[in-house]
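Novice: Below are the C-alpha cells for one structure; questions will follow.
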Amino acid sequence: MNNSFTIIVPLYNSALFLERCIKSLQNQNYNNFEVVLVDDGSQDETFALCQGYEKKDSRFNAYTKNNEGQGVARNFGLAKAKNDFILYVDSDDFIESDALKNINEAINSTPDCDFVNFLIDFVDENNRPRHQSARYSLPTMSGDDIFISAMLDRDILSSPCNKAYRRCFLLNNKIEFPSLRKNEDIIYSRIIGYYSKKTTFINKTLYHALIRSGSTSRNITSDNLKDSLLTIDKLKFFMQEKDIFDQYEIVFNAFVVRHLTYLLIIISFCSDDYNGFKRKVDLTTDIGLKNYLKNKKVISLLSIKQKIMALLCRVPLVLFSMAKLSTKLGLYNPGR
C-alpha cells in the first residue's frame, strides 16, 4: 500500500540554510507526499523563497503567519495537512532520499501502528556526524511500555522529527504541541506516548539534524532553567488531569532526575563561579530533585550513565569542581 505523507516544515528566518532541507524533500524516491511550509513571521526572505518552491513544485504549499513559536507553527501545518501520515522536518535539517519509502514499508509491516520511529543523527555544518541515536532494542512496542519509554527517553525520543505520525491518531486524540516557545517537544512526546497503543521502529538513520555553530548553549541562564521547571509542572498537570500520576509517579520522578541532572551538568561547565552555579541548583529545590536523587526506586530506572550523572549532582560542589578540572585538562567542555 502506498500511504500518503504530509511533511510539515516550520520556518523562521531560514533563508540562509533552507535549500538543503528542501532538496532532500524534493529528492525522495517515493512520490506520494505533500510539503506544508509554515513561515512563522520571518523577518528575512524566507517566505518569498517558500513561494518560489510552491510555484515550481505542485507538491509544495506555502503559508505565513504571525510569530508564535515552532510548536504552534507545526499545529498550523497539521491543520492544513491532507495525507495519511505526518512528518515534522526542521528547516535546517534534512532527510535521506529513501526516508518515505522506508517509512511506508514499516507502516505496511505494522498496519495498526500509531506512529513510526527511525534513527536520527546530529551533524555539523561540514556534514560530519557528532552524535548518533542508539539502535532500537525491539521491532514494535505496545501499551504502557510506550508511555514509559517516552517518559524516560529510551527507544522513544523527545524529538518529533524522527517519527511519522498517523494523522487520524493525532486528530482523534486532539494531540497538539503546547503553546510554549521552549521544551514543547518534551511534553508532546509524552502526550503521544500516553495515547498510543502501538508503535514500530526502523533501525536506519533517516533524519539528519544540523548543529550550527553557536547553537549549543554556552550559558544556561536561570530563565532557561525556570523554563524547564515549568515544563515539568505542565507534564505533571497533564498526568494528574488524566488520573495517571499516582500510577507513574516513580517514572515521572525518574524523568525529572534525568532531565534536570543533564541541565545541571551543562551548567556546571558553563558557570564561571560556584556561587552562581549553586543559585541555579537551588532553583530545583521546590521540584524535589534533591529527594529524588536519593530514591533508590527512582534511580533504578536510569541507565548507568544517568546514574553517574545523578550521583554527581547530589553534591553540587563536587560536580562544579570536577567540571572545572575537566575543562582545565581539556577532557570535556560542552558548548565552548
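Identifiers for the C-alpha cells are assigned positionally: chains receive A, B, ... in sequence, residues are indexed from 1 per chain, and ligands are indexed from 1 in the order shown.
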For Glu54 (chain A), work out the shell of residues within 12 Å, counting only C-alpha atoms and skipping chain neighbours fewer than 4 positions away, then give it as a list in words.
Specialist: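 The filter keeps Ile22, Gln26, Glu34, Val35, Val36, Leu37, Val38, Phe47, Ala48, Leu49, Cys50, Ser58, Arg59, Phe60, Asn61, Ala62 and Tyr63 of chain A.
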Novice: Once you have the residues from the selection above, write them out as a tab-separated table (two decimals), in the first residue's frame, restricted to C-alpha atoms.
Specialist:
```
chain	number	residue	atom	x	y	z
A	22	ILE	CA	14.07	21.43	0.51
A	26	GLN	CA	12.25	17.01	-3.48
A	34	GLU	CA	2.96	16.90	0.00
A	35	VAL	CA	5.03	19.52	1.81
A	36	VAL	CA	3.48	22.21	4.01
A	37	LEU	CA	5.85	25.13	4.53
A	38	VAL	CA	4.83	27.30	7.50
A	47	PHE	CA	8.52	33.31	2.81
A	48	ALA	CA	9.49	34.61	-0.62
A	49	LEU	CA	11.67	31.51	-1.06
A	50	CYS	CA	8.77	29.32	0.08
A	58	SER	CA	2.95	21.34	-7.07
A	59	ARG	CA	3.68	19.18	-4.03
A	60	PHE	CA	4.65	22.29	-2.02
A	61	ASN	CA	2.21	24.59	-0.23
A	62	ALA	CA	3.45	27.79	1.44
A	63	TYR	CA	1.78	29.67	4.29
```
Novice: Could you pull out all residues of region 110-258 of chain A with a DSSP call of alpha helix (DSSP H) and give them as a ChimeraX atom specification?
Specialist: /A:144-151,167-172,184-195,222-241,249-258
Novice: Those selected residues, please, written with C-alpha atoms and delivered as a PDB file, in the first residue's frame.
Specialist:
```
ATOM      1  CA  ASP A 144       2.007   1.117  28.753  1.00  0.00           C
ATOM      2  CA  ASP A 145       5.539   0.412  27.565  1.00  0.00           C
ATOM      3  CA  ILE A 146       5.182   3.236  25.034  1.00  0.00           C
ATOM      4  CA  PHE A 147       4.413   5.858  27.669  1.00  0.00           C
ATOM      5  CA  ILE A 148       7.182   4.645  29.991  1.00  0.00           C
ATOM      6  CA  SER A 149       9.700   4.597  27.134  1.00  0.00           C
ATOM      7  CA  ALA A 150       8.686   8.127  26.137  1.00  0.00           C
ATOM      8  CA  MET A 151       8.906   9.372  29.720  1.00  0.00           C
ATOM      9  CA  ARG A 167      -2.843  11.856  11.076  1.00  0.00           C
ATOM     10  CA  CYS A 168      -6.139  10.376  12.288  1.00  0.00           C
ATOM     11  CA  PHE A 169      -4.397   9.299  15.513  1.00  0.00           C
ATOM     12  CA  LEU A 170      -3.357  12.921  16.147  1.00  0.00           C
ATOM     13  CA  LEU A 171      -6.740  14.365  15.192  1.00  0.00           C
ATOM     14  CA  ASN A 172      -8.902  11.824  17.019  1.00  0.00           C
ATOM     15  CA  GLU A 184       7.325  21.910  23.679  1.00  0.00           C
ATOM     16  CA  ASP A 185       8.771  18.677  22.224  1.00  0.00           C
ATOM     17  CA  ILE A 186       9.218  17.195  25.695  1.00  0.00           C
ATOM     18  CA  ILE A 187       5.539  17.494  26.550  1.00  0.00           C
ATOM     19  CA  TYR A 188       4.373  16.497  23.059  1.00  0.00           C
ATOM     20  CA  SER A 189       6.299  13.207  23.062  1.00  0.00           C
ATOM     21  CA  ARG A 190       4.824  12.210  26.426  1.00  0.00           C
ATOM     22  CA  ILE A 191       1.287  13.022  25.242  1.00  0.00           C
ATOM     23  CA  ILE A 192       1.925  10.863  22.173  1.00  0.00           C
ATOM     24  CA  GLY A 193       3.148   8.075  24.442  1.00  0.00           C
ATOM     25  CA  TYR A 194       0.039   8.313  26.620  1.00  0.00           C
ATOM     26  CA  TYR A 195      -2.442   7.964  23.756  1.00  0.00           C
ATOM     27  CA  SER A 222      18.248  30.942  35.409  1.00  0.00           C
ATOM     28  CA  ASP A 223      15.417  31.726  32.987  1.00  0.00           C
ATOM     29  CA  ASN A 224      16.309  28.662  30.879  1.00  0.00           C
ATOM     30  CA  LEU A 225      16.227  26.516  33.986  1.00  0.00           C
ATOM     31  CA  LYS A 226      12.907  28.047  35.003  1.00  0.00           C
ATOM     32  CA  ASP A 227      11.533  27.146  31.578  1.00  0.00           C
ATOM     33  CA  SER A 228      12.493  23.527  32.243  1.00  0.00           C
ATOM     34  CA  LEU A 229      10.835  23.604  35.655  1.00  0.00           C
ATOM     35  CA  LEU A 230       7.680  24.996  34.011  1.00  0.00           C
ATOM     36  CA  THR A 231       7.777  22.122  31.528  1.00  0.00           C
ATOM     37  CA  ILE A 232       7.981  19.641  34.410  1.00  0.00           C
ATOM     38  CA  ASP A 233       4.974  21.296  36.070  1.00  0.00           C
ATOM     39  CA  LYS A 234       2.955  21.156  32.848  1.00  0.00           C
ATOM     40  CA  LEU A 235       3.753  17.489  32.341  1.00  0.00           C
ATOM     41  CA  LYS A 236       2.758  16.737  35.927  1.00  0.00           C
ATOM     42  CA  PHE A 237      -0.507  18.621  35.394  1.00  0.00           C
ATOM     43  CA  PHE A 238      -1.230  16.565  32.260  1.00  0.00           C
ATOM     44  CA  MET A 239      -0.651  13.309  34.149  1.00  0.00           C
ATOM     45  CA  GLN A 240      -2.861  14.459  37.021  1.00  0.00           C
ATOM     46  CA  GLU A 241      -5.553  15.546  34.585  1.00  0.00           C
ATOM     47  CA  GLU A 249       4.896   8.750  39.939  1.00  0.00           C
ATOM     48  CA  ILE A 250       8.229   6.911  40.167  1.00  0.00           C
ATOM     49  CA  VAL A 251       8.605   7.107  36.380  1.00  0.00           C
ATOM     50  CA  PHE A 252       7.810  10.827  36.490  1.00  0.00           C
ATOM     51  CA  ASN A 253      10.398  11.383  39.220  1.00  0.00           C
ATOM     52  CA  ALA A 254      12.984   9.496  37.153  1.00  0.00           C
ATOM     53  CA  PHE A 255      12.164  11.782  34.220  1.00  0.00           C
ATOM     54  CA  VAL A 256      12.769  14.805  36.461  1.00  0.00           C
ATOM     55  CA  VAL A 257      16.141  13.431  37.577  1.00  0.00           C
ATOM     56  CA  ARG A 258      17.180  12.598  34.026  1.00  0.00           C
TER      57      ARG A 258
END
```
Novice: Extract, using only C-alpha atoms, all DNA, RNA and protein residues at most 7 Å from region 117-124 of chain A, discarding same-chain residues fewer than 3 positions from it, and format them as a ChimeraX atom specification.
Specialist: /A:127-133,162-164,200-212
Novice: For Ser109 (chain A), which residue out of A:Leu11, A:Glu96, A:Met1, A:Ile156 is the nearest one, using only C-alpha atoms?
Specialist: A:Met1
Novice: Check the smallest atom-to-atom distance from each of A:Cys21, A:Val9, A:Leu325, A:Leu293 to Thr64 (chain A) using only C-alpha atoms, then report the winner.
Specialist: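 Smallest separation from Thr64 (chain A) among the options: A:Val9.
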Novice: Quick one: residues within 10 Å of Glu105 (chain A), only C-alpha atoms, excluding same-chain residues fewer than 5 positions away - as a ChimeraX atom specification?
Specialist: /A:1-3,100,110-111,202
Novice: Export, as a JSON list (two decimals), in the first residue's frame, the selected residues with C-alpha atoms.
Specialist:
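Writing the result to result_5.json gives the following:
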```
[["chain", "number", "residue", "atom", "x", "y", "z"],
["A", 1, "MET", "CA", 0.00, 0.00, 0.00],
["A", 2, "ASN", "CA", 1.30, 3.44, -0.93],
["A", 3, "ASN", "CA", 0.47, 5.51, 2.12],
["A", 100, "LEU", "CA", 9.47, 7.93, 2.94],
["A", 110, "THR", "CA", 2.75, -2.93, 11.13],
["A", 111, "PRO", "CA", -0.53, -1.52, 9.76],
["A", 202, "ILE", "CA", 13.20, 1.38, 11.83]]
```
Novice: Using Å and a single decimal, report how far CA of Ser321 (chain A) sits from CA of Asp273 (chain A).
Specialist: 10.1 Å
Novice: Using only C-alpha atoms, determine which residues lie at most 10 Å from Asn275 (chain A), disregarding the query and same-chain residues fewer than 5 positions distant; provide the list as a tab-separated table (two decimals) with all heavy atoms, in the first residue's frame.
Specialist:
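Printed below is result-v7.tsv as written:
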```tsv
chain	number	residue	atom	x	y	z
A	280	LYS	N	21.62	28.41	40.77
A	280	LYS	CA	20.82	27.68	39.78
A	280	LYS	C	20.40	26.32	40.31
A	280	LYS	O	19.28	25.86	40.08
A	280	LYS	CB	21.59	27.57	38.47
A	280	LYS	CG	21.74	28.92	37.76
A	280	LYS	CD	22.67	28.84	36.58
A	280	LYS	CE	22.87	30.23	35.97
A	280	LYS	NZ	23.87	30.23	34.88
A	281	VAL	N	21.31	25.67	41.03
A	281	VAL	CA	20.97	24.38	41.65
A	281	VAL	C	19.80	24.56	42.62
A	281	VAL	O	18.87	23.74	42.67
A	281	VAL	CB	22.19	23.79	42.39
A	281	VAL	CG1	21.77	22.55	43.19
A	281	VAL	CG2	23.30	23.44	41.40
A	317	LEU	N	29.08	20.97	44.92
A	317	LEU	CA	30.45	21.45	44.95
A	317	LEU	C	31.39	20.48	44.24
A	317	LEU	O	32.31	20.89	43.52
A	317	LEU	CB	30.90	21.68	46.39
A	317	LEU	CG	32.34	22.22	46.57
A	317	LEU	CD1	32.50	23.54	45.83
A	317	LEU	CD2	32.67	22.38	48.05
```
Novice: Extract, using only C-alpha atoms, all DNA, RNA and protein residues at most 7 Å from Ser268 (chain A), discarding same-chain residues fewer than 5 positions from it, and format them as a PyMOL selection string.
Specialist: chain A and resi 277+319-320+323
Novice: Per DSSP on the backbone, what are the strand (DSSP E or B) residues of region 45-247 of chain A, as a PyMOL selection string?
Specialist: chain A and resi 60-64+85-88+94-95+115-123+129-132+140-142+163-166+198-210
Novice: With distances taken over only C-alpha atoms, which of A:Gly71, A:Ser14, A:Met141, A:Asn27 is nearest to Lys101 (chain A)?
Specialist: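 Checking each of A:Gly71, A:Ser14, A:Met141, A:Asn27 against Lys101 (chain A), counting only C-alpha atoms, the winner is A:Asn27.
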Novice: Can you tell me, as a PyMOL selection string, what residues are no more than 9 Å from region 289-292 of chain A when counting only C-alpha atoms, ignoring any on the same chain fewer than 3 positions away?
Specialist: chain A and resi 253-254+256-257+260-261+284-286+295-296+298-299+313-314
Novice: Using only C-alpha atoms, pick whichever of A:Phe245, A:Tyr165, A:Phe76, A:Tyr53 has the shortest atom-to-atom distance to Ile107 (chain A).
Specialist: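 Residue with the minimum atom-to-atom distance to Ile107 (chain A): A:Tyr165.
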Novice: Quick one: of A:Lys198, A:Asp57, A:Asp90, A:Ser4, who's nearest to Leu18 (chain A), counting only C-alpha atoms?
Specialist: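 Closest candidate: A:Asp90.
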